[in-house]
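For reference, the structure is listed below as structure tokens.
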Amino acid sequence: MDFLQNNLIYCIPALGLVGIIVMMIKSAWVNKQDAGDKNMQELAGYIADGAMAFLKAEWRVLSIFAVFTAALLAYSGTITEIKGVPMHSSWIISISFIIGAVFSATAGYIGMKSATKANVRTTQAARTSLKQALKVSFTGGTVMGLGVAGLAVLGLDGLFIVFLQIFHVTNANSVEMRTAIEVLTGFSLGAESIALFARVGGGIYTKAADVGADLVGKVEAGIPEDDVRNPATIADNVGDNVGDVAGMGADLFGSYVATILATMVLGQEITVTDKFGGMSPILLPMVICGLGILFSIVGTWFVTIKDDKSNVQTALNLGNWSSILITAVASFFIVKWMLPETLSLRGYEFSSINVFYAIIVGLVVGTIMSIVTEYFTAMGKGPVNSIIQQSSTGHATNIIAGLAVGMKSTVIPILVLAGGIMLSYHFAGLYGVAIAAAGMMATTAMQLAIDAFGPIADNAGGIAEMSQLPPEVRERTDNLDAVGNTTAATGKGFAIASAALTSLALFAAFVGIAGITAIDIYKAPVLAGLFVGGMIPFIFSALCIQAVGKAAMDMVQEVRRQFREIPGIMEYKAKPEYEKCVAISTKASIREMMMPGAIALITPIIVGFTFGPEVLGGLLAGVTVTGVLMGIFQSNAGGAWDNAKKSFEQGVMINGEMHYKKSEPHKASVTGDTVGDPFKDTSGPSMNILIKLMSIVSLVIAPYIAVKAIASKHKLEVPKEIRIEPKMDSLSNAIMDSLPKMTDSLGH
């Protein structure tokens, strides 16, 4: 036990390494599975090549951004003081930023590579049984989950150990420790920056292809969704990988890192006497998230079914809940072992057991968010059925129903989040809010495995359709795909919930470093900042949706051209020019992702340096509130529209009459799904990265815009000189009272 206490900080990267080793074992297993016949492998090759081509094009653009940003950070790190206030940064923050960016891109690449290997193998497995198809697709998703979590823990704690040595940290509450953590924020900034562009770019790509393929293929030509004759179908399947897999991987990698970092920043302010040199509040989030990798591995063992009649959703839920339950139980022993009995942060005293309660709050919030999201987006549930029923009266009523479902779906999640924030703060103050987010993120590997399983199953169905395999194969892949739609929606619900708690923790860290004690909305500039912040998610969403619309128009025209000008496509005598549709999506996504990304990165800098930290705080409050609402609304509305459309493939009862594919209500549901596509896969999921990235940028610039009140221990020396004017008595003699100069120490 003494060895563990003395070397705990070095054990944490080992947990990340375990995750990566298990990931490699599972990846090797997937690669050994049968990839099907030559035609299936050729189609899978088109998808893999298209996905890799997009990532290379994206990386070329982002490498320029990364170098430019790193240069700015390196310069900022050379500034030693501003207006007499010492800065606690270093040029090494630029290296930290680049490593974070590379790790984030690598996390996305691992997921995409795994998905493009697993998709065709899932199709082949579906020729034998649903059980084997689930095993292959879920194992492919597990590769991404473990890769993301393993890289995050290994990278963050590995860098932390290096920075402790570089800056000669000897005390947890020292200036050197503050510098080490300040430089570590660069890692999170790099991760979130790449995540935003990966998510937005991938989202634009996938939805431009999807909308184009649906409108011309299904609606105009009357051919199935993934028909090999549709020129956009390969681009559509590529999009599933670059958006829902690579984008989601980079997204949750960023969330994972930002959550741990925010808790570390707040933990550094807590002075404790413990067995870890006063570092237990700093190390705790890393330990919980590191062990969460092991618990997620255990959870994957429960994801299995008996036969084709088994419920796939139940199997996934069992794996998810088991990993959450193990994390909850283990957290009690970890907290009691690491933390002293009492702690205090910014005057708020709490006990170690209260920290455990805050972790439980985070786990409960994450679980409830997933359950609520599943209810609003799953097939057979009331919200999706309401959309189906209203499809009978046309396209407009379908869209009205979907919008209503999305808006209603915000109520319970927001109440749960609000309750979670209040409870976690009640138990352990601001540290409680941060550690609640860390508890929620502990099972990220499992959450991502479940999420990535969906796009793999979707691709598997596409390959089955394009390869014209027997109907029972498509039935099995459709079973997985329908569940995958729900898991994708719940994954986005989990991501937005974690983003809300993480942003609040980052906000608390920003307030401390910026030296402000309150944000007074009675002040006109602060109120203005609040309104501007509330507007940003709307313009951000508008740009994303507009980009999908423009790219989809180009895609529709190209698909129509090929149908018109290439004879023999509809008779299977000629092969469509898939690469031209892939090129349209690639160029559009790279071009259109720049403006939304610039808004997220530049706005906090302009507001912070122009108006100061309090106005910037108002901006962050506004963007967080509306960003969370927009994220939940758009993701759930899109998911509900999608599953309403898929319900028609199995047949639905409307007013006592059965309706199937190609019926008029089905056509209305296709329109609703098309509207919902950019909602659920482009702008909606990007909201959580938007609010986190703006919070992290604000945290990085906080020392440079801080009020002068950030002297040691948040105290300000204010000299006051009091003078008494001489008074004359009745005899005209001067009476002089003198008081010495006084200095009051004003605590914050």
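Chain labels run A, B, ... following the order of the structure tokens; each chain numbers its residues from 1, and ligands are numbered from 1 in the order shown.
Summary of the local environment: counting only C-alpha atoms, residues at most 9 Å from Ala488 of chain A, other than itself and those fewer than 3 positions away along its chain, are Asp244, Ile450, Asp451, Ala452, Phe453, Gly454, Pro455, Val483, Gly484, Asn485, Gly491, Lys492, Gly493 and Gly639 of chain A.
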Those residues with N, CA and C atoms, as a PDB file, in the first residue's frame please?
```
ATOM      1  N   ASP A 244     -20.010  10.331 -37.433  1.00  0.00           N
ATOM      2  CA  ASP A 244     -20.475   9.676 -36.211  1.00  0.00           C
ATOM      3  C   ASP A 244     -19.382   8.901 -35.493  1.00  0.00           C
ATOM      4  N   ILE A 450     -20.683   1.801 -27.229  1.00  0.00           N
ATOM      5  CA  ILE A 450     -22.102   1.697 -27.573  1.00  0.00           C
ATOM      6  C   ILE A 450     -22.444   2.652 -28.712  1.00  0.00           C
ATOM      7  N   ASP A 451     -21.862   3.852 -28.672  1.00  0.00           N
ATOM      8  CA  ASP A 451     -22.172   4.851 -29.689  1.00  0.00           C
ATOM      9  C   ASP A 451     -21.603   4.456 -31.053  1.00  0.00           C
ATOM     10  N   ALA A 452     -20.342   4.001 -31.080  1.00  0.00           N
ATOM     11  CA  ALA A 452     -19.695   3.665 -32.354  1.00  0.00           C
ATOM     12  C   ALA A 452     -20.293   2.417 -32.986  1.00  0.00           C
ATOM     13  N   PHE A 453     -20.903   1.570 -32.169  1.00  0.00           N
ATOM     14  CA  PHE A 453     -21.562   0.372 -32.689  1.00  0.00           C
ATOM     15  C   PHE A 453     -22.628   0.743 -33.728  1.00  0.00           C
ATOM     16  N   GLY A 454     -23.316   1.877 -33.536  1.00  0.00           N
ATOM     17  CA  GLY A 454     -24.398   2.295 -34.420  1.00  0.00           C
ATOM     18  C   GLY A 454     -23.960   2.535 -35.859  1.00  0.00           C
ATOM     19  N   PRO A 455     -22.972   3.423 -36.096  1.00  0.00           N
ATOM     20  CA  PRO A 455     -22.513   3.649 -37.470  1.00  0.00           C
ATOM     21  C   PRO A 455     -21.949   2.392 -38.131  1.00  0.00           C
ATOM     22  N   VAL A 483     -31.389  -0.112 -33.393  1.00  0.00           N
ATOM     23  CA  VAL A 483     -30.858   0.092 -32.041  1.00  0.00           C
ATOM     24  C   VAL A 483     -29.735   1.124 -32.079  1.00  0.00           C
ATOM     25  N   GLY A 484     -28.931   1.072 -33.142  1.00  0.00           N
ATOM     26  CA  GLY A 484     -27.824   2.022 -33.286  1.00  0.00           C
ATOM     27  C   GLY A 484     -28.280   3.461 -33.370  1.00  0.00           C
ATOM     28  N   ASN A 485     -29.441   3.699 -34.003  1.00  0.00           N
ATOM     29  CA  ASN A 485     -29.991   5.057 -34.041  1.00  0.00           C
ATOM     30  C   ASN A 485     -30.279   5.567 -32.637  1.00  0.00           C
ATOM     31  N   GLY A 491     -25.977   8.556 -26.886  1.00  0.00           N
ATOM     32  CA  GLY A 491     -24.584   8.987 -26.788  1.00  0.00           C
ATOM     33  C   GLY A 491     -24.463  10.493 -26.872  1.00  0.00           C
ATOM     34  N   LYS A 492     -25.280  11.098 -27.744  1.00  0.00           N
ATOM     35  CA  LYS A 492     -25.260  12.557 -27.852  1.00  0.00           C
ATOM     36  C   LYS A 492     -25.853  13.206 -26.617  1.00  0.00           C
ATOM     37  N   GLY A 493     -26.879  12.566 -26.027  1.00  0.00           N
ATOM     38  CA  GLY A 493     -27.438  13.067 -24.767  1.00  0.00           C
ATOM     39  C   GLY A 493     -26.418  13.027 -23.653  1.00  0.00           C
ATOM     40  N   GLY A 639     -33.169  12.434 -34.057  1.00  0.00           N
ATOM     41  CA  GLY A 639     -33.241  11.004 -33.771  1.00  0.00           C
ATOM     42  C   GLY A 639     -34.655  10.465 -33.856  1.00  0.00           C
TER      43      GLY A 639
END
```
Legend entry - Long-range neighbours of segment 53-65 of chain A as an NGL selection string, 9 Å cut-off, only C-alpha atoms, 6 positions minimum in chain: :A and (105 or 109 or 194 or 197-198 or 201-202 or 205 or 238 or 242 or 246 or 582-583 or 585-587 or 589-590)
Inset, instruction - Please run DSSP on the backbone and report, as number ranges by chain, all residues within segment 608-716 of chain A that come out as alpha helix (DSSP H). - result: A: 608-611, 613-650, 664-678, 684-705
Inset, instruction - Skip Ile204 of chain A itself and residues of its chain fewer than 2 positions away, then list as an MDAnalysis selection string all residues within 9 Å of it, counting only C-alpha atoms. - result: chainID A and resid 199:202 206:209 239 243 544:545 547:548 551 585:586 588:590 592:593 678 681:683
Which residues of segment 115-191 of chain A have any atom within 9 Å of an atom in segment 7-28 of chain A when counting only C-alpha atoms, and what is the closest pair of atoms for each, with the distance in Å to one decimal? Order the rows by chain and rising number and write it as JSON lines.
```
{"residue": "A:Lys117", "atom": "CA", "partner": "A:Ser27", "partner_atom": "CA", "distance": 8.9}
{"residue": "A:Thr139", "atom": "CA", "partner": "A:Lys26", "partner_atom": "CA", "distance": 6.5}
{"residue": "A:Gly140", "atom": "CA", "partner": "A:Ser27", "partner_atom": "CA", "distance": 7.0}
{"residue": "A:Thr142", "atom": "CA", "partner": "A:Met23", "partner_atom": "CA", "distance": 7.3}
{"residue": "A:Val143", "atom": "CA", "partner": "A:Met23", "partner_atom": "CA", "distance": 4.9}
{"residue": "A:Met144", "atom": "CA", "partner": "A:Met23", "partner_atom": "CA", "distance": 7.7}
{"residue": "A:Gly145", "atom": "CA", "partner": "A:Met23", "partner_atom": "CA", "distance": 8.3}
{"residue": "A:Leu146", "atom": "CA", "partner": "A:Gly19", "partner_atom": "CA", "distance": 5.3}
{"residue": "A:Gly147", "atom": "CA", "partner": "A:Ile20", "partner_atom": "CA", "distance": 5.6}
{"residue": "A:Val148", "atom": "CA", "partner": "A:Ile20", "partner_atom": "CA", "distance": 8.6}
{"residue": "A:Ala149", "atom": "CA", "partner": "A:Gly16", "partner_atom": "CA", "distance": 7.0}
{"residue": "A:Gly150", "atom": "CA", "partner": "A:Gly16", "partner_atom": "CA", "distance": 4.0}
{"residue": "A:Leu151", "atom": "CA", "partner": "A:Gly16", "partner_atom": "CA", "distance": 6.4}
{"residue": "A:Ala152", "atom": "CA", "partner": "A:Gly16", "partner_atom": "CA", "distance": 7.4}
{"residue": "A:Val153", "atom": "CA", "partner": "A:Gly16", "partner_atom": "CA", "distance": 5.1}
{"residue": "A:Leu154", "atom": "CA", "partner": "A:Pro13", "partner_atom": "CA", "distance": 4.5}
{"residue": "A:Gly155", "atom": "CA", "partner": "A:Pro13", "partner_atom": "CA", "distance": 7.7}
{"residue": "A:Leu156", "atom": "CA", "partner": "A:Pro13", "partner_atom": "CA", "distance": 8.4}
{"residue": "A:Asp157", "atom": "CA", "partner": "A:Pro13", "partner_atom": "CA", "distance": 6.0}
{"residue": "A:Gly158", "atom": "CA", "partner": "A:Pro13", "partner_atom": "CA", "distance": 6.2}
{"residue": "A:Ile161", "atom": "CA", "partner": "A:Ile9", "partner_atom": "CA", "distance": 7.5}
```
Inset, instruction - One decimal, Å: what's the distance from atom CA of Gly254 of chain A over to atom CA of Ser409 of chain A, could you say? - result: 25.4 Å
Legend entry - Point-to-point distance from atom CA of Val265 of chain A to atom CA of Gln447 of chain A, Å rounded to tenths: 25.5 Å
Inset, instruction - Grab the atom CA of Asn237 of chain A to atom CA of Val211 of chain A distance for me, in Å with one decimal place. - result: 12.1 Å
Inset, instruction - Would you list the contacts of Leu266 of chain A as a PyMOL selection string, taking every protein, DNA or RNA residue within 9 Å and counting only C-alpha atoms, but skipping same-chain residues closer than 6 positions in sequence? - result: chain A and resi 281-282+345+430-431+434+505-506+508-509+512
Emit the selected residues as an mmCIF file, in the first residue's frame, including C-alpha atoms.
```cif
data_model
loop_
_atom_site.group_PDB
_atom_site.id
_atom_site.type_symbol
_atom_site.label_atom_id
_atom_site.label_comp_id
_atom_site.auth_asym_id
_atom_site.auth_seq_id
_atom_site.Cartn_x
_atom_site.Cartn_y
_atom_site.Cartn_z
ATOM 1 C CA PRO A 281 -7.834 16.515 -4.894
ATOM 2 C CA ILE A 282 -5.754 16.958 -8.074
ATOM 3 C CA LEU A 345 -12.607 25.330 -1.433
ATOM 4 C CA LEU A 430 -17.592 23.778 -6.965
ATOM 5 C CA TYR A 431 -15.260 20.807 -6.596
ATOM 6 C CA ALA A 434 -16.403 19.155 -11.299
ATOM 7 C CA ALA A 505 -16.467 23.367 -13.793
ATOM 8 C CA LEU A 506 -14.342 25.193 -16.388
ATOM 9 C CA ALA A 508 -15.590 28.029 -11.950
ATOM 10 C CA ALA A 509 -11.897 27.582 -12.758
ATOM 11 C CA GLY A 512 -10.851 31.862 -9.892
#
```
Inset, instruction - Considering only C-alpha atoms, return as number ranges by chain whatever protein or nucleic-acid residues lie within 7 Å of segment 554-559 of chain A, sequence-local ones (same chain, fewer than 2 positions apart) excluded. - result: A: 208-209, 212, 216, 231-232, 550-552, 561-563, 581, 584
